[in-house]
Amino acid sequence: MDVVVFAIEIYILVIIVRIILEWIPVDYDHPVGRVRSVLRAVTEPVLAPVRVLVPSIRMGDAALDLSPVIVVILLGLIAGLLR
């Protein structure tokens, strides 16, 4: 079970890094843009279904995507139950 908990914790870290990198405005050919693309490919299969269930919160012209927060909380709960 320790390996599963460790994998969940690493995945949570990947989601958090993706969130941070999404705030950096760079081109896709920039090294940060490449890392961001890889992180999107790894996290999007989990985030997309949650995004369908929980729409973004509109704040004027911007929107707040809550799917990463929800997934991190759920994965944290699962990891806690497995310990």
# chains A, B, ... in the order shown; residues from 1 in each chain; ligands from 1
>>> residues_around(residues="region 6-16 of chain A", least_positions_apart="6", cutoff="9 Å", atoms="only C-alpha atoms", output="list in words")
Leu39, Arg40, Val42, Thr43, Pro68, Val71, Val72, Leu75, Gly76, Ile78 and Ala79 of chain A
>>> residues_around(residues="Arg36 (chain A)", least_positions_apart="4", cutoff="8 Å", atoms="only C-alpha atoms", output="ChimeraX atom specification")
/A:18,21-22,32,40
>>> residues_around(residues="Leu53 (chain A)", least_positions_apart="4", cutoff="10 Å", atoms="only C-alpha atoms", output="VMD selection string")
chain A and resid 48 to 49 67
>>> write_last_selection(atoms="N, CA and C atoms", output="PDB file, in the first residue's frame")
ATOM      1  N   ALA A  48     -10.370  16.215 -16.589  1.00  0.00           N
ATOM      2  CA  ALA A  48     -11.449  16.486 -17.541  1.00  0.00           C
ATOM      3  C   ALA A  48     -12.811  15.978 -17.073  1.00  0.00           C
ATOM      4  N   PRO A  49     -12.932  14.739 -16.572  1.00  0.00           N
ATOM      5  CA  PRO A  49     -14.252  14.296 -16.108  1.00  0.00           C
ATOM      6  C   PRO A  49     -14.790  15.117 -14.935  1.00  0.00           C
ATOM      7  N   SER A  67     -11.531  21.991 -10.725  1.00  0.00           N
ATOM      8  CA  SER A  67     -11.261  20.560 -10.871  1.00  0.00           C
ATOM      9  C   SER A  67      -9.937  20.134 -10.223  1.00  0.00           C
TER      10      SER A  67
END
>>> atom_distance(atom1="CA of Pro31 (chain A)", atom2="CA of Asp65 (chain A)")
24.5 Å
>>> closest_residue(among="A:Leu74, A:Val5, A:Arg58, A:Leu82", to="Val46 (chain A)", atoms="only C-alpha atoms")
A:Leu74
